[in-house]
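Visitor: If it helps, the file is called coords-v3.cif and holds mmCIF, C-alpha atoms and all ligand atoms:
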```cif
data_input
#
loop_
_atom_site.label_atom_id
_atom_site.label_comp_id
_atom_site.auth_asym_id
_atom_site.auth_seq_id
_atom_site.Cartn_x
_atom_site.Cartn_y
_atom_site.Cartn_z
CA MET A 258 -4.73 -56.98 -45.50
CA SER A 259 -5.82 -58.61 -48.74
CA ARG A 260 -5.20 -62.30 -49.21
CA GLY A 261 -5.08 -64.22 -52.48
CA THR A 262 -7.18 -67.35 -52.95
CA THR A 263 -4.11 -69.25 -54.09
CA GLN A 264 -0.37 -68.82 -54.18
CA GLN A 265 -0.36 -69.62 -57.89
CA SER A 266 0.93 -66.53 -59.67
CA SER A 267 -1.23 -67.03 -62.73
CA ALA A 268 -4.49 -66.63 -60.82
CA PRO A 269 -6.27 -63.55 -62.15
CA TYR A 270 -7.32 -62.76 -58.59
CA ASN A 271 -3.74 -62.15 -57.51
CA ARG A 272 -2.79 -60.27 -60.66
CA ARG A 273 -5.73 -57.94 -60.33
CA MET A 274 -5.02 -57.35 -56.68
CA VAL A 275 -1.43 -56.36 -57.47
CA LEU A 276 -2.50 -54.16 -60.38
CA ASP A 277 -5.20 -52.53 -58.26
CA LEU A 278 -2.77 -51.73 -55.45
CA VAL A 279 -0.22 -50.19 -57.80
CA ARG A 280 -2.96 -48.19 -59.54
CA GLN A 281 -4.37 -46.84 -56.31
CA ARG A 282 -1.07 -45.92 -54.75
CA GLY A 283 0.52 -44.64 -57.94
CA SER A 284 3.81 -46.43 -57.31
CA MET A 285 4.89 -49.52 -55.34
CA SER A 286 8.05 -51.56 -54.95
CA ARG A 287 8.04 -55.38 -54.83
CA LYS A 288 8.78 -55.20 -51.13
CA ASP A 289 5.72 -52.96 -50.50
CA LEU A 290 3.60 -55.37 -52.54
CA VAL A 291 4.75 -58.46 -50.67
CA GLU A 292 3.81 -56.76 -47.39
CA LYS A 293 0.37 -55.79 -48.64
CA VAL A 294 -0.85 -58.86 -50.51
CA ALA A 295 0.47 -61.67 -48.29
CA LEU A 296 1.90 -63.59 -51.23
CA SER A 297 5.41 -64.98 -51.37
CA PRO A 298 8.15 -62.72 -52.80
CA GLN A 299 8.53 -65.21 -55.67
CA THR A 300 4.83 -65.06 -56.51
CA VAL A 301 4.83 -61.26 -56.44
CA ALA A 302 7.91 -61.24 -58.70
CA ASN A 303 6.16 -63.58 -61.14
CA ILE A 304 3.09 -61.36 -61.22
CA THR A 305 4.98 -58.10 -61.73
CA ASN A 306 7.02 -59.79 -64.47
CA GLU A 307 3.85 -60.93 -66.21
CA LEU A 308 2.17 -57.53 -65.92
CA GLU A 309 5.33 -55.82 -67.13
CA ALA A 310 5.63 -58.21 -70.08
CA ILE A 311 2.18 -57.25 -71.37
CA GLY A 312 2.88 -53.58 -70.78
CA LEU A 313 0.42 -52.89 -67.97
CA LEU A 314 3.13 -52.06 -65.45
CA VAL A 315 6.32 -50.12 -65.99
CA ALA A 316 9.33 -50.37 -63.69
CA ARG A 317 11.10 -47.18 -62.58
CA ARG A 318 14.10 -46.84 -60.37
CA GLN A 319 13.21 -44.60 -57.46
CA LYS A 320 15.29 -41.54 -56.58
CA ALA A 321 18.70 -42.38 -55.21
CA ASP A 322 19.15 -42.17 -51.46
CA LYS A 323 22.87 -41.49 -50.83
CA LEU A 324 22.94 -43.26 -47.50
CA ARG A 325 21.25 -46.45 -48.62
CA GLY A 326 22.94 -47.27 -51.90
CA GLN A 327 21.00 -48.78 -54.79
CA PRO A 328 17.40 -47.44 -54.72
CA PRO A 329 14.56 -49.93 -55.19
CA ILE A 330 12.57 -50.39 -58.37
CA ALA A 331 9.00 -49.17 -58.17
CA PHE A 332 6.16 -50.24 -60.40
CA GLU A 333 3.63 -47.87 -61.92
CA LEU A 334 0.57 -48.39 -64.06
CA ASN A 335 1.30 -47.63 -67.71
CA PRO A 336 -1.52 -45.15 -68.54
CA ASN A 337 -1.61 -46.00 -72.24
CA ALA A 338 -1.39 -49.78 -71.88
CA GLY A 339 -5.13 -49.83 -72.48
CA GLY A 340 -8.16 -47.65 -72.79
CA SER A 341 -11.75 -47.48 -73.82
CA ILE A 342 -14.33 -45.39 -75.59
CA GLY A 343 -17.24 -43.98 -73.62
CA ILE A 344 -20.50 -42.89 -75.24
CA SER A 345 -23.04 -40.90 -73.27
CA LEU A 346 -26.56 -40.86 -74.72
CA GLU A 347 -28.93 -38.14 -73.60
CA PRO A 348 -32.16 -37.21 -75.36
CA GLY A 349 -31.15 -35.35 -78.54
CA ARG A 350 -27.41 -35.74 -78.04
CA ALA A 351 -24.62 -38.32 -78.19
CA SER A 352 -21.15 -37.55 -76.80
CA ALA A 353 -18.07 -39.73 -76.83
CA ALA A 354 -14.47 -39.77 -75.71
CA GLN A 355 -11.53 -42.10 -75.72
CA VAL A 356 -9.84 -42.34 -72.35
CA ASN A 357 -6.75 -44.16 -71.12
CA LEU A 358 -6.25 -46.21 -67.96
CA VAL A 359 -5.86 -43.18 -65.70
CA GLY A 360 -8.98 -41.46 -67.00
CA GLU A 361 -7.30 -38.91 -69.27
CA VAL A 362 -9.53 -37.90 -72.16
CA LEU A 363 -7.47 -38.41 -75.33
CA ARG A 364 -10.10 -37.21 -77.78
CA ARG A 365 -13.73 -36.18 -77.51
CA GLU A 366 -16.58 -35.50 -79.90
CA SER A 367 -20.33 -34.95 -79.67
CA MET A 368 -23.25 -34.55 -82.02
CA GLU A 369 -26.95 -33.90 -82.05
CA VAL A 370 -29.05 -36.92 -82.89
CA ASP A 371 -32.76 -37.70 -82.95
CA THR A 372 -32.73 -40.28 -80.17
CA HIS A 373 -36.23 -41.44 -81.11
CA ASP A 374 -34.70 -42.87 -84.29
CA ARG A 375 -32.90 -46.13 -83.56
CA ALA A 376 -31.04 -46.21 -86.90
CA ALA A 377 -29.86 -42.63 -86.41
CA VAL A 378 -28.58 -43.45 -82.92
CA LEU A 379 -26.66 -46.47 -84.23
CA ALA A 380 -25.15 -44.41 -87.07
CA ALA A 381 -24.17 -41.65 -84.63
CA MET A 382 -22.49 -44.09 -82.24
CA ILE A 383 -20.54 -45.76 -85.08
CA GLU A 384 -19.44 -42.33 -86.33
CA LEU A 385 -18.38 -41.23 -82.84
CA VAL A 386 -16.35 -44.41 -82.26
CA ARG A 387 -14.56 -43.76 -85.56
CA ALA A 388 -13.99 -40.09 -84.69
CA VAL A 389 -12.53 -40.51 -81.20
CA ARG A 390 -10.46 -43.63 -81.83
CA THR A 391 -6.87 -42.51 -81.64
CA ARG A 392 -3.73 -44.11 -82.90
CA SER A 393 -1.99 -43.73 -79.57
CA LEU A 394 -3.69 -46.94 -78.45
CA GLY A 395 -3.11 -50.00 -80.63
CA ASP A 396 -6.13 -52.11 -81.61
CA GLY A 397 -5.51 -54.70 -78.93
CA ARG A 398 -5.27 -51.97 -76.34
CA LEU A 399 -8.80 -50.71 -76.86
CA TRP A 400 -10.70 -52.73 -74.27
CA GLY A 401 -14.16 -51.87 -75.49
CA VAL A 402 -16.93 -49.35 -75.78
CA GLY A 403 -19.07 -48.31 -72.81
CA VAL A 404 -22.48 -46.74 -73.30
CA ALA A 405 -24.31 -44.80 -70.56
CA LEU A 406 -28.03 -44.14 -70.98
CA PRO A 407 -30.76 -42.58 -68.87
CA GLY A 408 -32.73 -45.24 -66.98
CA PRO A 409 -34.59 -47.25 -66.00
CA LEU A 410 -33.27 -49.66 -68.63
CA ILE A 411 -35.38 -52.72 -67.89
CA ALA A 412 -38.92 -52.47 -69.28
CA THR A 413 -41.08 -51.25 -66.39
CA ASP A 414 -44.04 -48.89 -65.97
CA ILE A 415 -41.70 -45.90 -66.01
CA SER A 416 -38.99 -46.96 -68.53
CA PHE A 417 -38.32 -45.02 -71.74
CA VAL A 418 -40.98 -42.40 -71.01
CA GLY A 419 -40.75 -38.62 -71.19
CA PRO A 420 -38.26 -36.05 -72.46
CA THR A 421 -35.50 -36.97 -70.00
CA ALA A 422 -35.35 -40.63 -71.12
CA LEU A 423 -34.79 -42.29 -74.49
CA GLU A 424 -38.44 -41.97 -75.30
CA GLY A 425 -40.06 -44.70 -77.37
CA TRP A 426 -37.27 -47.28 -76.97
CA THR A 427 -38.40 -50.78 -76.10
CA ASP A 428 -35.09 -52.60 -75.80
CA LEU A 429 -31.32 -52.12 -76.07
CA SER A 430 -30.67 -54.32 -79.12
CA VAL A 431 -29.06 -51.28 -80.77
CA LEU A 432 -26.09 -51.96 -78.49
CA ASP A 433 -25.72 -55.48 -79.92
CA ASP A 434 -25.72 -53.87 -83.37
CA LEU A 435 -23.01 -51.46 -82.22
CA ARG A 436 -20.94 -54.43 -81.10
CA GLU A 437 -21.37 -56.14 -84.46
CA HIS A 438 -20.42 -53.02 -86.44
CA THR A 439 -17.40 -52.00 -84.39
CA ARG A 440 -16.26 -55.54 -83.55
CA LEU A 441 -15.46 -54.26 -80.08
CA PRO A 442 -16.85 -55.50 -76.76
CA VAL A 443 -19.75 -53.26 -75.73
CA PHE A 444 -20.78 -52.63 -72.13
CA TYR A 445 -23.66 -50.47 -70.94
CA SER A 446 -25.20 -49.11 -67.81
CA VAL A 447 -27.73 -46.57 -66.63
CA ASP A 448 -25.99 -43.18 -66.65
CA SER A 449 -26.14 -42.66 -62.89
CA VAL A 450 -24.39 -45.98 -62.15
CA ALA A 451 -21.80 -45.29 -64.87
CA GLY A 452 -21.14 -41.83 -63.43
CA ALA A 453 -20.74 -43.30 -59.94
CA LEU A 454 -18.27 -45.95 -61.13
CA GLY A 455 -16.37 -43.22 -63.00
CA GLU A 456 -15.98 -41.28 -59.76
CA THR A 457 -14.91 -44.48 -57.98
CA LEU A 458 -12.16 -45.24 -60.45
CA PHE A 459 -10.93 -41.79 -61.46
CA GLY A 460 -12.74 -39.14 -59.45
CA VAL A 461 -13.59 -37.72 -56.08
CA ALA A 462 -14.89 -41.07 -54.77
CA LYS A 463 -11.54 -42.87 -55.20
CA SER A 464 -11.07 -43.26 -51.48
CA LEU A 465 -14.72 -43.51 -50.42
CA GLU A 466 -15.86 -46.91 -49.18
CA ASN A 467 -19.49 -45.92 -49.75
CA PHE A 468 -21.32 -42.95 -51.23
CA PHE A 469 -24.52 -41.94 -52.93
CA TYR A 470 -24.16 -40.47 -56.40
CA LEU A 471 -26.62 -37.90 -57.65
CA HIS A 472 -26.60 -37.61 -61.44
CA LEU A 473 -27.92 -34.17 -62.36
CA GLY A 474 -28.42 -33.82 -66.10
CA LEU A 475 -31.49 -33.32 -68.23
CA GLY A 476 -33.12 -35.70 -65.75
CA LEU A 477 -32.12 -36.77 -62.24
CA GLY A 478 -30.77 -40.20 -61.33
CA GLY A 479 -28.97 -41.80 -58.43
CA ALA A 480 -26.66 -44.67 -57.53
CA LEU A 481 -25.55 -46.17 -54.24
CA VAL A 482 -21.98 -47.48 -54.27
CA ASP A 483 -20.78 -49.70 -51.46
CA GLY A 484 -17.43 -51.49 -51.63
CA ARG A 485 -17.03 -50.49 -55.31
CA SER A 486 -20.31 -52.12 -56.37
CA ALA A 487 -23.46 -50.23 -57.25
CA TYR A 488 -26.57 -51.51 -55.50
CA ARG A 489 -28.86 -52.92 -58.19
CA GLY A 490 -32.10 -53.92 -56.51
CA ALA A 491 -34.38 -56.74 -57.68
CA ASN A 492 -34.31 -55.87 -61.40
CA GLY A 493 -31.28 -53.61 -61.68
CA ASN A 494 -33.46 -50.48 -61.46
CA ALA A 495 -32.53 -49.32 -57.95
CA THR A 496 -32.13 -45.71 -56.83
CA GLU A 497 -34.23 -43.97 -59.51
CA ILE A 498 -34.49 -41.04 -57.17
CA GLY A 499 -35.82 -38.70 -59.87
CA HIS A 500 -39.19 -40.40 -59.72
CA VAL A 501 -39.63 -40.28 -55.96
CA PRO A 502 -42.73 -38.14 -55.24
CA VAL A 503 -41.85 -35.15 -53.07
CA GLN A 504 -44.87 -32.86 -53.53
CA PRO A 505 -48.43 -34.11 -52.99
CA GLY A 506 -50.54 -33.03 -55.97
CA GLY A 507 -47.45 -31.45 -57.53
CA THR A 508 -46.35 -31.05 -61.15
CA PRO A 509 -47.50 -33.95 -63.34
CA CYS A 510 -44.66 -36.26 -64.34
CA TYR A 511 -44.24 -38.26 -67.55
CA CYS A 512 -44.02 -41.43 -65.42
CA GLY A 513 -47.75 -41.04 -64.66
CA ASN A 514 -47.37 -39.78 -61.08
CA THR A 515 -47.28 -36.21 -59.83
CA GLY A 516 -44.74 -34.23 -57.88
CA CYS A 517 -41.64 -36.32 -58.70
CA LEU A 518 -38.29 -34.88 -57.53
CA GLU A 519 -37.00 -34.66 -61.12
CA ARG A 520 -39.85 -32.26 -61.99
CA TYR A 521 -38.17 -29.69 -59.71
CA LEU A 522 -34.49 -30.63 -59.74
CA SER A 523 -33.18 -31.29 -63.29
CA LEU A 524 -32.04 -29.35 -66.32
CA HIS A 525 -35.32 -30.23 -68.02
CA SER A 526 -37.23 -28.56 -65.19
CA LEU A 527 -34.93 -25.53 -65.52
CA ALA A 528 -35.68 -25.37 -69.26
CA GLU A 529 -39.40 -25.40 -68.49
CA ALA A 530 -39.02 -22.64 -65.91
CA LEU A 531 -37.09 -20.47 -68.36
CA GLY A 532 -39.29 -21.25 -71.37
CA ALA A 533 -36.13 -22.61 -73.03
CA SER A 534 -35.45 -25.84 -74.94
CA ASP A 535 -33.66 -28.95 -73.71
CA ALA A 536 -31.05 -28.34 -76.43
CA GLN A 537 -30.24 -24.97 -74.83
CA MET A 538 -29.60 -26.80 -71.55
CA GLN A 539 -26.86 -28.76 -73.34
CA ASP A 540 -25.18 -25.52 -74.48
CA PRO A 541 -22.53 -24.62 -71.86
CA ALA A 542 -22.27 -20.99 -73.05
CA TYR A 543 -26.02 -20.41 -72.66
CA LEU A 544 -26.02 -21.77 -69.11
CA ALA A 545 -22.79 -20.01 -68.14
CA ALA A 546 -24.33 -16.63 -69.06
CA LEU A 547 -27.46 -17.41 -67.01
CA ILE A 548 -25.48 -18.50 -63.97
CA GLU A 549 -23.28 -15.41 -64.22
CA LYS A 550 -26.23 -13.01 -64.42
CA PRO A 551 -29.36 -14.83 -63.28
CA ASN A 552 -32.67 -13.30 -64.32
CA LYS A 553 -35.73 -13.48 -62.06
CA ARG A 554 -36.92 -16.83 -63.45
CA MET A 555 -33.47 -18.34 -63.04
CA GLN A 556 -33.21 -17.04 -59.49
CA ALA A 557 -36.65 -18.42 -58.59
CA TRP A 558 -35.84 -21.83 -60.10
CA CYS A 559 -32.52 -22.03 -58.23
CA GLU A 560 -34.21 -21.27 -54.92
CA GLN A 561 -36.92 -23.90 -55.27
CA ALA A 562 -34.47 -26.49 -56.72
CA ALA A 563 -32.11 -25.88 -53.79
CA ALA A 564 -34.95 -26.46 -51.32
CA ARG A 565 -35.69 -29.81 -53.02
CA LEU A 566 -32.00 -30.68 -52.96
CA ARG A 567 -31.89 -29.90 -49.23
CA ASP A 568 -34.78 -32.29 -48.59
CA ALA A 569 -33.31 -34.93 -50.91
CA VAL A 570 -29.98 -34.84 -49.06
CA CYS A 571 -31.79 -35.38 -45.76
CA MET A 572 -33.80 -38.29 -47.21
CA ILE A 573 -30.72 -39.96 -48.74
CA GLU A 574 -28.66 -39.54 -45.58
CA ASN A 575 -31.34 -40.84 -43.25
CA MET A 576 -32.12 -43.78 -45.53
CA LEU A 577 -28.59 -44.85 -46.43
CA ASP A 578 -26.07 -43.12 -44.16
CA PRO A 579 -23.59 -42.65 -47.05
CA HIS A 580 -20.15 -41.24 -46.30
CA SER A 581 -20.81 -38.53 -48.91
CA ILE A 582 -23.29 -37.53 -51.57
CA VAL A 583 -21.32 -36.97 -54.77
CA ILE A 584 -23.01 -34.79 -57.37
CA GLY A 585 -22.08 -35.24 -61.03
CA GLY A 586 -23.82 -35.32 -64.40
CA SER A 587 -23.99 -32.92 -67.31
CA ALA A 588 -25.18 -29.92 -65.27
CA PRO A 589 -22.39 -27.28 -65.13
CA LYS A 590 -20.39 -27.27 -61.91
CA ALA A 591 -21.11 -23.57 -61.35
CA LEU A 592 -24.84 -24.31 -61.32
CA VAL A 593 -24.47 -27.22 -58.89
CA GLU A 594 -22.29 -25.05 -56.66
CA ARG A 595 -25.01 -22.40 -56.60
CA LEU A 596 -27.65 -24.97 -55.64
CA VAL A 597 -25.50 -26.48 -52.90
CA GLU A 598 -24.77 -23.01 -51.53
CA LEU A 599 -28.48 -22.14 -51.46
CA ALA A 600 -29.28 -25.50 -49.79
CA GLN A 601 -27.24 -24.51 -46.70
CA PRO A 602 -27.60 -25.08 -43.85
CA LEU A 603 -28.28 -28.76 -44.53
CA ARG A 604 -31.05 -30.40 -42.53
CA ARG A 605 -30.36 -32.40 -39.42
CA SER A 606 -29.76 -36.07 -40.27
CA VAL A 607 -27.77 -39.15 -39.25
CA ARG A 608 -24.76 -37.63 -41.02
CA GLY A 609 -25.03 -34.37 -39.11
CA GLY A 610 -22.57 -34.17 -36.23
CA VAL A 611 -20.65 -37.17 -37.62
CA ALA A 612 -19.48 -36.19 -41.10
CA GLN A 613 -16.48 -33.92 -41.52
CA PRO A 614 -17.51 -30.40 -42.55
CA GLY A 615 -17.70 -30.25 -46.31
CA SER A 616 -17.81 -34.02 -46.78
CA ARG A 617 -21.60 -34.46 -46.79
CA ILE A 618 -21.83 -33.11 -50.33
CA VAL A 619 -18.89 -33.45 -52.72
CA LEU A 620 -18.96 -32.18 -56.30
CA SER A 621 -17.48 -34.11 -59.18
CA GLU A 622 -14.35 -32.42 -60.45
CA ARG A 623 -14.97 -33.77 -63.94
CA GLN A 624 -18.39 -32.21 -64.19
CA GLU A 625 -18.44 -31.53 -67.91
CA ASP A 626 -16.84 -34.92 -68.63
CA SER A 627 -18.48 -36.94 -65.88
CA SER A 628 -21.12 -38.61 -68.07
CA ILE A 629 -18.66 -39.63 -70.79
CA LEU A 630 -16.06 -40.69 -68.26
CA GLY A 631 -18.65 -42.85 -66.54
CA ALA A 632 -19.43 -44.56 -69.84
CA ALA A 633 -15.74 -45.05 -70.57
CA VAL A 634 -15.03 -46.84 -67.29
CA LEU A 635 -17.53 -49.61 -68.06
CA PRO A 636 -15.20 -51.73 -70.23
CA ILE A 637 -12.22 -51.30 -67.90
CA TYR A 638 -13.85 -51.16 -64.48
CA ASP A 639 -13.75 -54.84 -63.62
CA MET A 640 -10.12 -55.14 -64.64
CA LEU A 641 -8.89 -52.09 -62.73
CA ALA A 642 -11.22 -52.01 -59.73
CA PRO A 643 -12.10 -55.65 -59.17
CA ARG A 644 -15.11 -56.40 -57.00
CA PRO A 645 -15.16 -59.60 -54.94
CA GLU A 646 -17.68 -61.37 -57.20
CA VAL A 647 -15.68 -60.51 -60.30
CA LEU A 648 -12.42 -61.63 -58.74
CA GLN A 649 -13.74 -65.18 -58.57
CA GLN A 650 -14.35 -65.38 -62.30
CA ASP A 651 -12.53 -67.66 -64.73
CA ARG A 652 -8.83 -68.37 -64.59
CA ARG A 653 -7.45 -68.84 -68.06
CA PRO A 654 -3.71 -68.85 -68.53
CA GLU A 655 -3.46 -67.04 -71.91
CA ALA A 656 -1.10 -64.10 -71.78
CA GLU A 657 -3.46 -61.46 -73.10
CA VAL A 658 -4.64 -58.57 -71.01
CA ALA A 659 -8.26 -59.66 -70.76
CA ASP A 660 -7.40 -63.28 -70.21
CA LEU A 661 -4.58 -62.56 -67.85
CA LEU A 662 -6.88 -60.48 -65.70
CA GLY A 663 -9.74 -62.93 -65.96
CA GLN A 664 -12.11 -60.74 -67.94
CA ARG A 665 -15.02 -62.68 -69.40
CA THR A 666 -15.48 -62.35 -73.13
CA LYS A 667 -19.09 -61.63 -73.96
CA ASP A 668 -21.01 -62.40 -77.11
CA ARG A 669 -23.53 -59.66 -76.38
CA ALA A 670 -23.42 -56.16 -74.98
CA GLY A 671 -22.69 -56.65 -71.29
CA ARG A 672 -24.40 -54.76 -68.52
CA LEU A 673 -22.48 -53.46 -65.55
ZN ZN B 1 -41.99 -39.29 -62.28
#
```
Go through the file and emit its structure as structure tokens.
Guide:
Amino acid sequence: MSRGTTQQSSAPYNRRMVLDLVRQRGSMSRKDLVEKVALSPQTVANITNELEAIGLLVARRQKADKLRGQPPIAFELNPNAGGSIGISLEPGRASAAQVNLVGEVLRRESMEVDTHDRAAVLAAMIELVRAVRTRSLGDGRLWGVGVALPGPLIATDISFVGPTALEGWTDLSVLDDLREHTRLPVFYSVDSVAGALGETLFGVAKSLENFFYLHLGLGLGGALVDGRSAYRGANGNATEIGHVPVQPGGTPCYCGNTGCLERYLSLHSLAEALGASDAQMQDPAYLAALIEKPNKRMQAWCEQAAARLRDAVCMIENMLDPHSIVIGGSAPKALVERLVELAQPLRRSVRGGVAQPGSRIVLSERQEDSSILGAAVLPIYDMLAPRPEVLQQDRRPEAEVADLLGQRTKDRAGRL
């Protein structure tokens, strides 16, 4: 049972807890809420009134039960009470979508862009924000822009190097410029963490207390989510699984080492095996045809990539004992399905014999949208899926969504 820090109805902690419960369960009456949150009926009534007044909750009378008389009122999250714009940056391409509070994509757009050119990237992001911004959400209802980028994002030996990263970048000041131009709050995160939070809020990880997320796109990234928070490590660069060496003396990697996992298990490595370009890997029709009728090179790549995946699953499970490994990213679902199929039977590990059949690997159901969706959750994540550390943040009384829910206003692009 959850317990509020105070009985005061205006505490953001209690409001978020109520909103979170309603969101997760889809529909709850005041009576259900009082039982769950251990607040007084009066406090719960105050909170639902406040959330209804700003449009976040809507009240619906439940279906009549002839024997019991007047049916109770149930509260639901109003999907279009807020929303955000997500931008996914991959080398050579920027994609964006506007989504509402239940993760529905209202409008999407993407364009090719030379990601080496900072000014071109800024112009593309501004254009995408303009293009996907819909009238169905009023200005005040757009909670911000989230940007997901391939990591690592903090300057290290292996940051911003190679064709699967934003090569040549030295910092993320372009995101501050985006904030200035759009006058919207901007949040960012490494793409694997964004994808994982997207699955937590709207996807297959909704009910998972912990999981490892494998982000399979042009490169390969990872994220470990426990209790709704992604593990960050000392500098926020944790779980860069793509650069874990798996083959002594193997294929040289742009990070300076050899035999990194990403050199065998990524769309960039597939492009190399096929003699194709990275741009072709971002063309769903091209990949769909190859998956449908694999040629010899495709078949050979799939077999070796599946063997690496099989080892990676064993390593992740033995290291972290996650409930599931969720696979998302821009790789087509049909391709991931093929790899998972070829990786069977999975190796023996601490999850073997414990996990339910089929739960060790779970595929994102939003595969083609998973990167953009991950970006889009960044501005709304803390309000809809509050983590303990966020719940303790400021407690201003103003009756605006962000203030009411205790969201900090930031004067720079904020990292999740
Ligand atoms: Zn590497």
Visitor: Enumerate as an NGL selection string the residues within 9 Å of ligand ZN 1 (chain B), counting only C-alpha atoms and all ligand atoms.
Guide: :A and (415 or 499-502 or 509-520)
Visitor: Per residue of segment 317-391 of chain A within 9 Å of segment 524-541 of chain A, record the nearest atom pair and its distance in Å to one decimal, counting all atoms listed in the file, with rows in chain order and ascending residue number, as a tab-separated table.
Guide:
```
residue	atom	partner	partner_atom	distance
A:Pro348	CA	A:Asp535	CA	8.6
A:Gly349	CA	A:Ala536	CA	7.3
A:Arg350	CA	A:Ala536	CA	8.4
A:Glu369	CA	A:Ala536	CA	8.9
```
Visitor: Work out how far apart atom CA of Arg436 of chain A and atom CA of Arg669 of chain A are and give it in Å to one decimal.
Guide: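 Pair atom CA of Arg436 of chain A / atom CA of Arg669 of chain A returns 7.5 Å.
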Visitor: Closest to Ile637 of chain A among A:Leu465, A:Val482, A:Ala405, A:Leu399, using all atoms listed in the file?
Guide: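 Selected residue with least distance to Ile637 of chain A: A:Leu399.
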Visitor: Nearest to Gly484 of chain A among A:Ser341, A:Thr496, A:Thr372, A:Thr457, with distances taken over all atoms listed in the file: which residue is it?
Guide: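 Looking at the shortest contact to Gly484 of chain A, the residue is A:Thr457.
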Visitor: At a cut-off of 9 Å around the point (-7.0, -38.0, -78.9) (file coordinates), what residues fall inside when counting all atoms listed in the file? I'd like the answer as a list in words.
Guide: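 Using all atoms listed in the file, the matching residues come out as Ala354, Gln355, Val356, Val362, Leu363, Arg364, Arg365, Val389, Arg390, Thr391, Arg392 and Ser393 of chain A.
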Visitor: May I have the protein, DNA and RNA residues with an atom at most 6 Å from (-13.9, -47.2, -56.5), counting only C-alpha atoms in the file's coordinates, returned as a ChimeraX atom specification?
Guide: /A:457-458,463,485
Visitor: When distances are computed from all atoms listed in the file, which of A:Glu466, A:Asp374, A:Asp428, A:Glu307 shows the smallest separation from Ile411 of chain A?
Guide: A:Asp428
Visitor: Write out as a PyMOL selection string each polymer residue whose atoms come within 9 Å of segment 445-452 of chain A, counting only C-alpha atoms; drop sequence neighbours fewer than 4 positions from it.
Guide: chain A and resi 345-346+402-410+432+456-457+470-473+477-482+487-488+494+497+585-586+627-636+670-673
Visitor: Kindly give the distance, in Å, that separates atom CA of Thr427 of chain A and atom CA of Ala412 of chain A, rounded to a single decimal.
Guide: 7.0 Å
Visitor: Return the single residue from A:Leu429, A:Ile304, A:Leu522, A:Ala562 that is closest to Val443 of chain A, with distances computed using all atoms listed in the file.
Guide: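 Answer, going by the shortest atom-to-atom distance: A:Leu429.
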Visitor: Counting only C-alpha atoms, which of A:Ser523, A:Gln299, A:Asn357, A:Thr421 gets nearest to Trp400 of chain A?
Guide: A:Asn357
Visitor: Distance atom CA of Ala453 of chain A-atom CA of Asp483 of chain A, one decimal place?
Guide: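 Computing the Euclidean distance for atom CA of Ala453 of chain A and atom CA of Asp483 of chain A yields 10.6 Å.
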